[in-house]
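Okay, target26.pdb is below, PDB, C-alpha atoms and all ligand atoms:
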ATOM      1  CA  MET A   1     -19.867  31.129  12.062
ATOM      2  CA  ASN A   2     -18.224  27.840  13.003
ATOM      3  CA  THR A   3     -20.126  24.589  12.530
ATOM      4  CA  SER A   4     -20.638  22.374  15.581
ATOM      5  CA  VAL A   5     -19.365  18.804  15.629
ATOM      6  CA  SER A   6     -22.921  17.423  15.591
ATOM      7  CA  ASN A   7     -23.972  19.586  12.609
ATOM      8  CA  PHE A   8     -20.825  18.710  10.699
ATOM      9  CA  SER A   9     -21.328  15.030  11.492
ATOM     10  CA  ARG A  10     -24.878  15.258  10.082
ATOM     11  CA  GLU A  11     -23.588  17.031   6.980
ATOM     12  CA  ILE A  12     -20.954  14.472   6.156
ATOM     13  CA  GLY A  13     -23.382  11.688   7.120
ATOM     14  CA  THR A  14     -25.734  12.917   4.395
ATOM     15  CA  GLN A  15     -22.910  12.868   1.849
ATOM     16  CA  LEU A  16     -21.928   9.326   2.849
ATOM     17  CA  LYS A  17     -25.552   8.152   2.765
ATOM     18  CA  PHE A  18     -25.934   9.616  -0.698
ATOM     19  CA  ALA A  19     -22.834   7.694  -1.807
ATOM     20  CA  GLY A  20     -24.463   4.448  -0.664
ATOM     21  CA  ILE A  21     -22.588   3.920   2.609
ATOM     22  CA  ASP A  22     -24.974   1.924   4.812
ATOM     23  CA  ASP A  23     -23.566   2.721   8.221
ATOM     24  CA  TYR A  24     -23.100   6.437   7.558
ATOM     25  CA  PRO A  25     -23.811   7.653  11.145
ATOM     26  CA  MET A  26     -21.089   5.414  12.566
ATOM     27  CA  GLU A  27     -18.608   6.192   9.780
ATOM     28  CA  SER A  28     -19.142   9.969  10.183
ATOM     29  CA  ARG A  29     -18.305   9.600  13.859
ATOM     30  CA  GLN A  30     -15.265   7.419  13.069
ATOM     31  CA  LEU A  31     -13.855   9.862  10.501
ATOM     32  CA  ILE A  32     -14.287  12.889  12.782
ATOM     33  CA  SER A  33     -12.874  11.040  15.803
ATOM     34  CA  TYR A  34      -9.901   9.827  13.783
ATOM     35  CA  CYS A  35      -8.998  13.351  12.635
ATOM     36  CA  MET A  36      -9.530  14.839  16.079
ATOM     37  CA  ASN A  37      -7.797  11.969  17.848
ATOM     38  CA  TRP A  38     -10.874  11.405  20.032
ATOM     39  CA  ASP A  39     -12.258   8.280  21.600
ATOM     40  CA  GLN A  40     -16.022   7.712  21.682
ATOM     41  CA  ARG A  41     -16.447   9.504  25.038
ATOM     42  CA  GLN A  42     -14.538  12.584  23.834
ATOM     43  CA  TYR A  43     -16.595  12.617  20.630
ATOM     44  CA  ILE A  44     -19.887  12.589  22.551
ATOM     45  CA  SER A  45     -18.782  15.271  24.997
ATOM     46  CA  SER A  46     -17.626  17.495  22.077
ATOM     47  CA  LEU A  47     -20.845  17.327  20.029
ATOM     48  CA  ASN A  48     -21.866  20.938  20.764
ATOM     49  CA  LEU A  49     -18.393  22.410  20.354
ATOM     50  CA  PRO A  50     -17.354  24.276  17.184
ATOM     51  CA  LEU A  51     -15.012  22.587  14.689
ATOM     52  CA  GLU A  52     -12.061  24.588  13.371
ATOM     53  CA  LYS A  53     -11.961  25.195   9.598
ATOM     54  CA  ASP A  54      -8.656  23.380   9.013
ATOM     55  CA  LYS A  55      -9.958  20.303  10.872
ATOM     56  CA  MET A  56     -13.118  20.350   8.779
ATOM     57  CA  LYS A  57     -11.003  20.444   5.625
ATOM     58  CA  ARG A  58      -8.987  17.424   6.766
ATOM     59  CA  ILE A  59     -12.153  15.488   7.586
ATOM     60  CA  GLU A  60     -13.699  16.436   4.247
ATOM     61  CA  ALA A  61     -10.647  15.020   2.469
ATOM     62  CA  LEU A  62     -11.227  11.692   4.241
ATOM     63  CA  VAL A  63     -14.927  11.778   3.397
ATOM     64  CA  LYS A  64     -13.978  12.221  -0.249
ATOM     65  CA  ARG A  65     -11.810   9.103  -0.081
ATOM     66  CA  ARG A  66     -14.659   7.160   1.522
ATOM     67  CA  ILE A  67     -17.133   8.381  -1.094
ATOM     68  CA  SER A  68     -14.772   7.005  -3.747
ATOM     69  CA  ARG A  69     -15.353   3.683  -1.896
ATOM     70  CA  GLU A  70     -11.949   3.301  -0.279
ATOM     71  CA  PRO A  71     -12.623   0.948   2.672
ATOM     72  CA  ILE A  72     -13.007   2.820   5.957
ATOM     73  CA  GLN A  73     -10.469   0.440   7.565
ATOM     74  CA  TYR A  74      -7.738   1.547   5.122
ATOM     75  CA  ILE A  75      -8.577   5.213   5.754
ATOM     76  CA  LEU A  76      -8.418   4.736   9.529
ATOM     77  CA  GLY A  77      -5.484   2.304   9.251
ATOM     78  CA  SER A  78      -7.121  -0.137  11.637
ATOM     79  CA  SER A  79      -9.647  -2.916  11.973
ATOM     80  CA  SER A  80     -10.825  -4.991  14.900
ATOM     81  CA  PHE A  81     -10.695  -8.750  15.150
ATOM     82  CA  TYR A  82     -11.384 -11.054  18.095
ATOM     83  CA  GLY A  83     -11.400  -8.123  20.520
ATOM     84  CA  ARG A  84      -8.142  -6.541  19.366
ATOM     85  CA  THR A  85      -7.267  -3.710  17.024
ATOM     86  CA  PHE A  86      -4.961  -4.453  14.093
ATOM     87  CA  PHE A  87      -3.105  -2.174  11.700
ATOM     88  CA  VAL A  88      -4.248  -2.664   8.098
ATOM     89  CA  ASN A  89      -3.258  -1.109   4.776
ATOM     90  CA  PRO A  90      -3.921  -2.005   1.112
ATOM     91  CA  ASP A  91      -1.223  -4.720   1.276
ATOM     92  CA  VAL A  92      -3.514  -6.899   3.384
ATOM     93  CA  LEU A  93      -7.063  -8.198   3.399
ATOM     94  CA  ILE A  94      -9.399  -6.455   5.846
ATOM     95  CA  PRO A  95     -10.341  -8.940   8.607
ATOM     96  CA  ARG A  96     -13.815 -10.459   8.226
ATOM     97  CA  PRO A  97     -16.017 -11.373  11.213
ATOM     98  CA  GLU A  98     -16.540 -14.979  10.048
ATOM     99  CA  THR A  99     -12.794 -15.629  10.389
ATOM    100  CA  GLU A 100     -13.233 -15.300  14.170
ATOM    101  CA  LEU A 101     -14.903 -18.725  13.983
ATOM    102  CA  LEU A 102     -11.563 -20.281  13.007
ATOM    103  CA  VAL A 103      -9.932 -18.839  16.113
ATOM    104  CA  GLU A 104     -12.851 -19.911  18.316
ATOM    105  CA  GLN A 105     -12.795 -23.480  16.998
ATOM    106  CA  ILE A 106      -9.057 -23.852  17.509
ATOM    107  CA  ILE A 107      -9.216 -22.563  21.085
ATOM    108  CA  LYS A 108     -12.039 -25.047  21.768
ATOM    109  CA  PHE A 109     -10.061 -27.860  20.152
ATOM    110  CA  VAL A 110      -6.904 -27.140  22.194
ATOM    111  CA  LYS A 111      -8.923 -27.070  25.429
ATOM    112  CA  GLU A 112     -10.870 -30.227  24.631
ATOM    113  CA  THR A 113      -7.821 -32.217  23.563
ATOM    114  CA  ASN A 114      -5.745 -30.800  26.402
ATOM    115  CA  LEU A 115      -2.857 -29.993  24.063
ATOM    116  CA  LYS A 116      -0.154 -28.546  26.283
ATOM    117  CA  GLU A 117       2.156 -26.594  23.980
ATOM    118  CA  PRO A 118       0.411 -26.672  20.613
ATOM    119  CA  LYS A 119       2.572 -25.949  17.609
ATOM    120  CA  ILE A 120       0.397 -23.945  15.243
ATOM    121  CA  LEU A 121       0.957 -22.901  11.623
ATOM    122  CA  ASP A 122      -1.147 -20.065  10.155
ATOM    123  CA  ILE A 123      -0.876 -20.301   6.360
ATOM    124  CA  CYS A 124      -1.721 -17.157   4.309
ATOM    125  CA  THR A 125      -1.470 -14.994   7.421
ATOM    126  CA  GLY A 126      -2.066 -11.586   5.758
ATOM    127  CA  SER A 127      -2.226  -8.982   8.548
ATOM    128  CA  GLY A 128      -1.503 -11.763  11.065
ATOM    129  CA  ILE A 129      -4.901 -11.634  12.785
ATOM    130  CA  ILE A 130      -5.323 -15.407  13.192
ATOM    131  CA  ALA A 131      -1.742 -16.096  14.289
ATOM    132  CA  ILE A 132      -1.684 -13.197  16.751
ATOM    133  CA  SER A 133      -5.131 -13.922  18.226
ATOM    134  CA  LEU A 134      -4.139 -17.564  18.794
ATOM    135  CA  ALA A 135      -0.758 -16.646  20.289
ATOM    136  CA  LYS A 136      -2.487 -14.270  22.730
ATOM    137  CA  GLU A 137      -5.403 -16.566  23.612
ATOM    138  CA  LEU A 138      -3.219 -19.676  23.923
ATOM    139  CA  PRO A 139      -0.082 -18.345  25.646
ATOM    140  CA  SER A 140       1.648 -21.741  25.782
ATOM    141  CA  SER A 141       1.357 -22.185  21.998
ATOM    142  CA  LYS A 142       4.218 -21.826  19.516
ATOM    143  CA  VAL A 143       2.899 -20.021  16.468
ATOM    144  CA  THR A 144       4.440 -19.772  12.999
ATOM    145  CA  ALA A 145       2.847 -17.744  10.210
ATOM    146  CA  THR A 146       3.494 -17.782   6.460
ATOM    147  CA  ASP A 147       2.468 -15.722   3.458
ATOM    148  CA  ILE A 148       3.698 -15.306  -0.102
ATOM    149  CA  SER A 149       3.558 -11.513   0.145
ATOM    150  CA  GLU A 150       6.534  -9.770   1.702
ATOM    151  CA  GLU A 151       4.417  -6.631   2.210
ATOM    152  CA  ALA A 152       1.749  -8.594   4.090
ATOM    153  CA  ILE A 153       4.399 -10.143   6.328
ATOM    154  CA  GLU A 154       5.689  -6.646   7.171
ATOM    155  CA  VAL A 155       2.160  -5.657   8.258
ATOM    156  CA  ALA A 156       1.794  -8.871  10.284
ATOM    157  CA  LYS A 157       5.138  -8.216  11.997
ATOM    158  CA  LEU A 158       3.988  -4.711  12.986
ATOM    159  CA  ASN A 159       0.804  -6.188  14.434
ATOM    160  CA  ALA A 160       2.736  -8.865  16.329
ATOM    161  CA  LEU A 161       4.937  -6.151  17.814
ATOM    162  CA  ARG A 162       1.924  -4.056  18.728
ATOM    163  CA  HIS A 163       0.341  -6.976  20.578
ATOM    164  CA  GLN A 164       3.613  -8.397  21.882
ATOM    165  CA  ALA A 165       2.962 -11.754  20.279
ATOM    166  CA  ASP A 166       5.968 -13.991  19.765
ATOM    167  CA  ILE A 167       5.462 -15.367  16.249
ATOM    168  CA  LYS A 168       7.868 -16.774  13.712
ATOM    169  CA  PHE A 169       7.170 -15.366  10.239
ATOM    170  CA  ILE A 170       8.265 -17.153   7.058
ATOM    171  CA  ARG A 171       7.728 -16.178   3.441
ATOM    172  CA  GLU A 172       6.444 -19.311   1.734
ATOM    173  CA  ASN A 173       4.318 -20.166  -1.281
ATOM    174  CA  CYS A 174       1.811 -22.689   0.058
ATOM    175  CA  LYS A 175       1.089 -23.909  -3.477
ATOM    176  CA  GLU A 176       4.663 -25.196  -3.679
ATOM    177  CA  SER A 177       5.236 -26.604  -0.215
ATOM    178  CA  ILE A 178       4.358 -26.416   3.449
ATOM    179  CA  SER A 179       7.297 -27.249   5.653
ATOM    180  CA  GLY A 180       7.665 -28.205   9.296
ATOM    181  CA  TYR A 181       5.699 -30.296  11.788
ATOM    182  CA  TYR A 182       2.734 -28.796  13.558
ATOM    183  CA  ASP A 183      -0.166 -29.940  15.723
ATOM    184  CA  ILE A 184      -2.579 -27.493  14.166
ATOM    185  CA  PHE A 185      -2.747 -26.006  10.675
ATOM    186  CA  VAL A 186      -5.040 -23.067  10.069
ATOM    187  CA  SER A 187      -5.692 -20.941   7.018
ATOM    188  CA  ASN A 188      -8.045 -18.399   5.569
ATOM    189  CA  PRO A 189      -6.669 -18.530   2.014
ATOM    190  CA  PRO A 190      -7.867 -16.688  -1.099
ATOM    191  CA  TYR A 191     -11.017 -18.542  -2.181
ATOM    192  CA  ILE A 192     -13.031 -16.317  -4.503
ATOM    193  CA  LYS A 193     -13.616 -17.530  -8.068
ATOM    194  CA  THR A 194     -11.589 -15.383 -10.496
ATOM    195  CA  SER A 195     -14.699 -14.626 -12.555
ATOM    196  CA  ALA A 196     -16.664 -13.472  -9.481
ATOM    197  CA  ILE A 197     -14.150 -10.840  -8.352
ATOM    198  CA  ASP A 198     -15.222  -8.143 -10.820
ATOM    199  CA  SER A 199     -18.825  -8.233  -9.632
ATOM    200  CA  LEU A 200     -17.987  -7.760  -5.951
ATOM    201  CA  GLN A 201     -18.696  -4.490  -4.117
ATOM    202  CA  PRO A 202     -16.332  -1.612  -5.037
ATOM    203  CA  GLU A 203     -14.435  -1.621  -1.719
ATOM    204  CA  ILE A 204     -13.174  -5.154  -2.359
ATOM    205  CA  HIS A 205     -11.354  -4.008  -5.513
ATOM    206  CA  LEU A 206      -8.966  -2.025  -3.330
ATOM    207  CA  GLU A 207      -7.972  -5.144  -1.383
ATOM    208  CA  PRO A 208      -4.979  -7.089  -2.760
ATOM    209  CA  ARG A 209      -6.103  -9.359  -5.577
ATOM    210  CA  ILE A 210      -3.635 -11.987  -4.393
ATOM    211  CA  ALA A 211      -5.616 -12.151  -1.136
ATOM    212  CA  LEU A 212      -8.887 -12.850  -2.948
ATOM    213  CA  ASP A 213      -8.279 -14.852  -6.113
ATOM    214  CA  GLY A 214      -8.759 -18.579  -5.580
ATOM    215  CA  GLY A 215      -8.512 -19.505  -9.271
ATOM    216  CA  ILE A 216     -11.116 -20.672 -11.767
ATOM    217  CA  ASP A 217     -13.430 -22.370  -9.273
ATOM    218  CA  GLY A 218     -12.041 -20.790  -6.082
ATOM    219  CA  THR A 219     -10.340 -23.950  -4.824
ATOM    220  CA  ASP A 220      -6.801 -23.645  -6.260
ATOM    221  CA  ILE A 221      -5.123 -22.620  -3.027
ATOM    222  CA  LEU A 222      -7.423 -24.574  -0.709
ATOM    223  CA  VAL A 223      -6.697 -27.832  -2.537
ATOM    224  CA  SER A 224      -2.946 -27.091  -2.702
ATOM    225  CA  ILE A 225      -2.917 -26.486   1.054
ATOM    226  CA  ILE A 226      -4.740 -29.757   1.768
ATOM    227  CA  LYS A 227      -2.414 -31.668  -0.550
ATOM    228  CA  ASN A 228       0.795 -30.081   0.753
ATOM    229  CA  ILE A 229      -0.147 -30.557   4.402
ATOM    230  CA  SER A 230      -0.809 -34.234   3.727
ATOM    231  CA  LYS A 231       2.749 -34.497   2.395
ATOM    232  CA  ALA A 232       4.298 -32.411   5.159
ATOM    233  CA  PHE A 233       3.081 -33.740   8.451
ATOM    234  CA  TYR A 234       2.633 -37.440   8.331
ATOM    235  CA  LYS A 235       4.323 -37.735  11.738
ATOM    236  CA  LYS A 236       2.382 -35.461  14.068
ATOM    237  CA  ARG A 237      -0.890 -34.963  12.297
ATOM    238  CA  THR A 238      -3.494 -33.486  14.573
ATOM    239  CA  ALA A 239      -5.927 -31.029  13.025
ATOM    240  CA  ILE A 240      -6.491 -28.694  10.104
ATOM    241  CA  PHE A 241      -8.931 -25.765  10.131
ATOM    242  CA  LEU A 242      -9.664 -23.982   6.840
ATOM    243  CA  GLU A 243     -12.015 -21.157   5.994
ATOM    244  CA  ILE A 244     -13.862 -21.928   2.739
ATOM    245  CA  ASP A 245     -16.389 -20.422   0.387
ATOM    246  CA  PRO A 246     -19.761 -22.116   1.010
ATOM    247  CA  THR A 247     -20.159 -22.852  -2.707
ATOM    248  CA  VAL A 248     -16.998 -24.990  -2.863
ATOM    249  CA  SER A 249     -17.553 -27.081   0.248
ATOM    250  CA  GLU A 250     -18.254 -30.288  -1.705
ATOM    251  CA  LYS A 251     -15.105 -29.970  -3.777
ATOM    252  CA  VAL A 252     -12.847 -29.307  -0.777
ATOM    253  CA  VAL A 253     -14.429 -32.134   1.206
ATOM    254  CA  GLU A 254     -13.728 -34.418  -1.769
ATOM    255  CA  ALA A 255     -10.083 -33.283  -1.872
ATOM    256  CA  SER A 256      -9.809 -33.801   1.892
ATOM    257  CA  ARG A 257     -11.104 -37.375   1.558
ATOM    258  CA  LEU A 258      -8.585 -38.015  -1.183
ATOM    259  CA  TYR A 259      -5.554 -36.764   0.760
ATOM    260  CA  PHE A 260      -6.750 -37.723   4.269
ATOM    261  CA  PRO A 261      -8.722 -40.943   3.714
ATOM    262  CA  LYS A 262      -8.493 -41.992   7.377
ATOM    263  CA  SER A 263      -9.303 -38.668   9.008
ATOM    264  CA  PHE A 264     -12.523 -37.197  10.362
ATOM    265  CA  ILE A 265     -13.760 -34.474   7.995
ATOM    266  CA  ASP A 266     -16.394 -31.942   8.905
ATOM    267  CA  VAL A 267     -17.787 -28.597   7.729
ATOM    268  CA  THR A 268     -19.354 -26.125  10.153
ATOM    269  CA  ASN A 269     -21.626 -23.197   9.397
ATOM    270  CA  ASP A 270     -20.983 -19.520  10.062
ATOM    271  CA  PHE A 271     -23.428 -17.101  11.778
ATOM    272  CA  ALA A 272     -25.343 -16.780   8.500
ATOM    273  CA  GLY A 273     -25.821 -20.566   8.318
ATOM    274  CA  LEU A 274     -23.350 -20.918   5.418
ATOM    275  CA  LYS A 275     -20.800 -23.726   5.215
ATOM    276  CA  ARG A 276     -17.633 -21.911   6.257
ATOM    277  CA  ILE A 277     -15.087 -23.960   8.226
ATOM    278  CA  LEU A 278     -13.612 -27.228   7.059
ATOM    279  CA  THR A 279     -11.914 -29.346   9.708
ATOM    280  CA  ILE A 280      -9.775 -32.421   9.174
ATOM    281  CA  GLN A 281      -8.858 -34.347  12.307
ATOM    282  CA  GLU A 282      -7.262 -37.620  13.250
ATOM    283  CA  LYS A 283      -9.944 -40.138  14.195
TER     284      LYS A 283
HETATM  285  C1  LIG B   1      -7.803 -14.117   2.288
HETATM  286  S1  LIG B   1      -6.237 -13.394   2.757
HETATM  287  C2  LIG B   1      -6.256 -13.875   4.463
HETATM  288  C3  LIG B   1      -5.470 -12.987   5.375
HETATM  289  C4  LIG B   1      -5.699 -13.296   6.859
HETATM  290  N1  LIG B   1      -5.337 -14.664   7.187
HETATM  291  C5  LIG B   1      -7.131 -13.016   7.237
HETATM  292  O1  LIG B   1      -7.842 -13.969   7.570
HETATM  293  O2  LIG B   1      -7.539 -11.853   7.227
HETATM  294  C6  LIG B   1      -5.137 -14.527   1.968
HETATM  295  C7  LIG B   1      -3.639 -14.293   2.110
HETATM  296  O3  LIG B   1      -3.007 -15.336   1.373
HETATM  297  C8  LIG B   1      -1.827 -14.845   0.785
HETATM  298  N2  LIG B   1      -1.494 -15.741  -0.345
HETATM  299  C9  LIG B   1      -2.043 -15.753  -1.595
HETATM  300  N3  LIG B   1      -1.497 -16.734  -2.328
HETATM  301  C10 LIG B   1      -0.592 -17.361  -1.538
HETATM  302  C11 LIG B   1       0.295 -18.465  -1.725
HETATM  303  N4  LIG B   1       0.348 -19.114  -2.895
HETATM  304  N5  LIG B   1       1.093 -18.832  -0.699
HETATM  305  C12 LIG B   1       1.043 -18.189   0.478
HETATM  306  N6  LIG B   1       0.236 -17.128   0.724
HETATM  307  C13 LIG B   1      -0.586 -16.727  -0.259
HETATM  308  C14 LIG B   1      -2.152 -13.416   0.403
HETATM  309  O4  LIG B   1      -0.971 -12.663   0.288
HETATM  310  C15 LIG B   1      -3.073 -12.994   1.558
HETATM  311  O5  LIG B   1      -2.334 -12.340   2.547
END
What would you get if you wrote out this structure as structure tokens?
Amino acid sequence: MNTSVSNFSREIGTQLKFAGIDDYPMESRQLISYCMNWDQRQYISSLNLPLEKDKMKRIEALVKRRISREPIQYILGSSSFYGRTFFVNPDVLIPRPETELLVEQIIKFVKETNLKEPKILDICTGSGIIAISLAKELPSSKVTATDISEEAIEVAKLNALRHQADIKFIRENCKESISGYYDIFVSNPPYIKTSAIDSLQPEIHLEPRIALDGGIDGTDILVSIIKNISKAFYKKRTAIFLEIDPTVSEKVVEASRLYFPKSFIDVTNDFAGLKRILTIQEK
């Protein structure tokens, strides 16, 4: 006898729960829908229908990958960010919800300062989520995005194409230099302490280490970015927005004061009340 979609969903849900996956009901639905090419409505209307054996086998193979703690976003090949869906693979970091704050703050800043055609640089772009969201939300902006990883830039280019966002991509090591003049600099760089990476949840170990590792105290790349921007844009300095680890806020504020002694420096909290966004602005 064939198993119905709802029974099969329960079955795989139990396996996922047993493997320690918190949101197992949602992930069961996502894995089945992905294999069947269903949206949420089709999934719900198919709950009492039987599932063919070969489809069940394909879904089981995905469940196995998830049980081995491969991130669901890599299995599905997509992740959502700021209301859009982005392609992701193991060459790029999976978008995190707190990064949406960077986008929100920049949109607010552009509106408040009435910047007409803001020139924006997204450093360490990864899958391109920040650059693309800004280009779409601020259609008059001119967005450039950089990353050291050629593979990440390929993913970002695919996402830009998918969302028809006109972005200039450059491969650049931000520790060496940051070139060009921009009104706004934004970055969510690697900022995890090297020693802390091994103790993170298993899924994170499948994300590119180069996207996580911020050096001994987590500030290597953050401080290089602050220093290199201060050298690069002495003409049209407007604002810098950086995502940081809450535990390093004091050190990055100190570096900001050193390289931008005359600017306004501030740190804002994320939804969890943790210090997350550093801003440096002209007074
Ligand atoms: C934390 S991920 C952020 C990706 C994306 N901006 C996001 O918010 O999801 C950091 C990115 O920085 C890139 N990266 C690491 N070291 C770099 C460097 N020295 N210069 C430029 N990019 C670097 C990595 O390849 C990775 O794509």
For this structure, which residues satisfy the selection - the PyMOL selection byres (((chain A and resi 192-206) around 7) and not hetatm) - when it is evaluated on the file as given? I want them as a ChimeraX atom specification. /A:69-71,90,190-191,207-208,212-218
Create the file for the chosen residues now, containing C-alpha atoms and written as a short mmCIF file (atom, residue, chain, number, x, y, z; two decimals), in the coordinates of the input.
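Done, and the output landed in selection.cif:
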data_model
loop_
_atom_site.label_atom_id
_atom_site.label_comp_id
_atom_site.auth_asym_id
_atom_site.auth_seq_id
_atom_site.Cartn_x
_atom_site.Cartn_y
_atom_site.Cartn_z
CA ARG A 69 -15.35 3.68 -1.90
CA GLU A 70 -11.95 3.30 -0.28
CA PRO A 71 -12.62 0.95 2.67
CA PRO A 90 -3.92 -2.00 1.11
CA PRO A 190 -7.87 -16.69 -1.10
CA TYR A 191 -11.02 -18.54 -2.18
CA GLU A 207 -7.97 -5.14 -1.38
CA PRO A 208 -4.98 -7.09 -2.76
CA LEU A 212 -8.89 -12.85 -2.95
CA ASP A 213 -8.28 -14.85 -6.11
CA GLY A 214 -8.76 -18.58 -5.58
CA GLY A 215 -8.51 -19.50 -9.27
CA ILE A 216 -11.12 -20.67 -11.77
CA ASP A 217 -13.43 -22.37 -9.27
CA GLY A 218 -12.04 -20.79 -6.08
#
Excluding same-chain residues fewer than 5 positions from range 12-24 of chain A, what lies within 10 Å of it counting all atoms listed in the file, as an NGL selection string? :A and (7 or 29-32 or 59-60 or 63-64 or 66-69)
When the cut-off is 9 Å and you count all atoms listed in the file, which residues lie near ligand LIG 1 (chain B), shown as a PyMOL selection string? chain A and resi 91-96+99-100+122-131+146-153+171-177+186-192+208-214+221+224-225+243
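Atom to atom, CA of Pro97 in chain A and CA of Leu222 in chain A stand 19.8 Å apart.
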Would you compute the box with edges along x, y and z of the file around range 186-189 of chain A, including every atom the file lists for it and 5 Å extra on each side, and give its centre and edge lengths in Å to one decimal, as AutoDock Vina command-line options?
--center_x -6.5 --center_y -20.7 --center_z 6.0 --size_x 13.0 --size_y 14.7 --size_z 18.1
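With CA of Ile107 in chain A on one side and CA of Ile132 in chain A on the other, the separation reads 12.8 Å.
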Reference answer for the PyMOL selection byres (((chain A and resi 44) around 12) and not hetatm), as a VMD selection string: chain A and resid 5 to 6 9 29 to 30 32 to 33 38 to 43 45 to 49
Near Ser249 in chain A, within 8 Å and counting all atoms listed in the file, which residues show up once chain neighbours fewer than 5 positions away are dropped, as a PDB file with C-alpha atoms, in the frame of the given file?
ATOM      1  CA  ILE A 244     -13.862 -21.928   2.739  1.00  0.00           C
ATOM      2  CA  VAL A 267     -17.787 -28.597   7.729  1.00  0.00           C
ATOM      3  CA  LYS A 275     -20.800 -23.726   5.215  1.00  0.00           C
ATOM      4  CA  ARG A 276     -17.633 -21.911   6.257  1.00  0.00           C
ATOM      5  CA  LEU A 278     -13.612 -27.228   7.059  1.00  0.00           C
TER       6      LEU A 278
END
One decimal, Å: what's the distance from CA of Leu158 in chain A over to CA of Thr85 in chain A, could you say? 12.0 Å
Minimum-distance residue to Phe81 in chain A, chosen among A:Pro50, A:Lys119, A:Ser133, A:Pro139 (using all atoms listed in the file): A:Ser133
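Here the PyMOL selection byres (((chain A and resi 229) around 10) and not hetatm) captures the residues Cys174, Ser177, Ile178, Ser179, Gly180, Tyr181, Tyr182, Phe185, Val223, Ser224, Ile225, Ile226, Lys227, Asn228, Ser230, Lys231, Ala232, Phe233, Tyr234, Arg237, Ile240, Tyr259 and Phe260 of chain A.
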For the residues in that selection, give me C-alpha atoms as a CSV table (one decimal), in the frame of the given file.
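New file out32.csv:
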chain,number,residue,atom,x,y,z
A,174,CYS,CA,1.8,-22.7,0.1
A,177,SER,CA,5.2,-26.6,-0.2
A,178,ILE,CA,4.4,-26.4,3.4
A,179,SER,CA,7.3,-27.2,5.7
A,180,GLY,CA,7.7,-28.2,9.3
A,181,TYR,CA,5.7,-30.3,11.8
A,182,TYR,CA,2.7,-28.8,13.6
A,185,PHE,CA,-2.7,-26.0,10.7
A,223,VAL,CA,-6.7,-27.8,-2.5
A,224,SER,CA,-2.9,-27.1,-2.7
A,225,ILE,CA,-2.9,-26.5,1.1
A,226,ILE,CA,-4.7,-29.8,1.8
A,227,LYS,CA,-2.4,-31.7,-0.6
A,228,ASN,CA,0.8,-30.1,0.8
A,230,SER,CA,-0.8,-34.2,3.7
A,231,LYS,CA,2.7,-34.5,2.4
A,232,ALA,CA,4.3,-32.4,5.2
A,233,PHE,CA,3.1,-33.7,8.5
A,234,TYR,CA,2.6,-37.4,8.3
A,237,ARG,CA,-0.9,-35.0,12.3
A,240,ILE,CA,-6.5,-28.7,10.1
A,259,TYR,CA,-5.6,-36.8,0.8
A,260,PHE,CA,-6.8,-37.7,4.3
As number ranges by chain, please: the residues near Leu51 in chain A (cut-off 7 Å, all atoms listed in the file, same-chain neighbours under 4 positions excluded). A: 2-5, 55-56
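Minimum atom-to-atom distances from A:Gln164, A:Asn37, A:Asn114, A:Thr268 to Lys136 in chain A were compared using all atoms listed in the file, and the lowest value belongs to A:Gln164.
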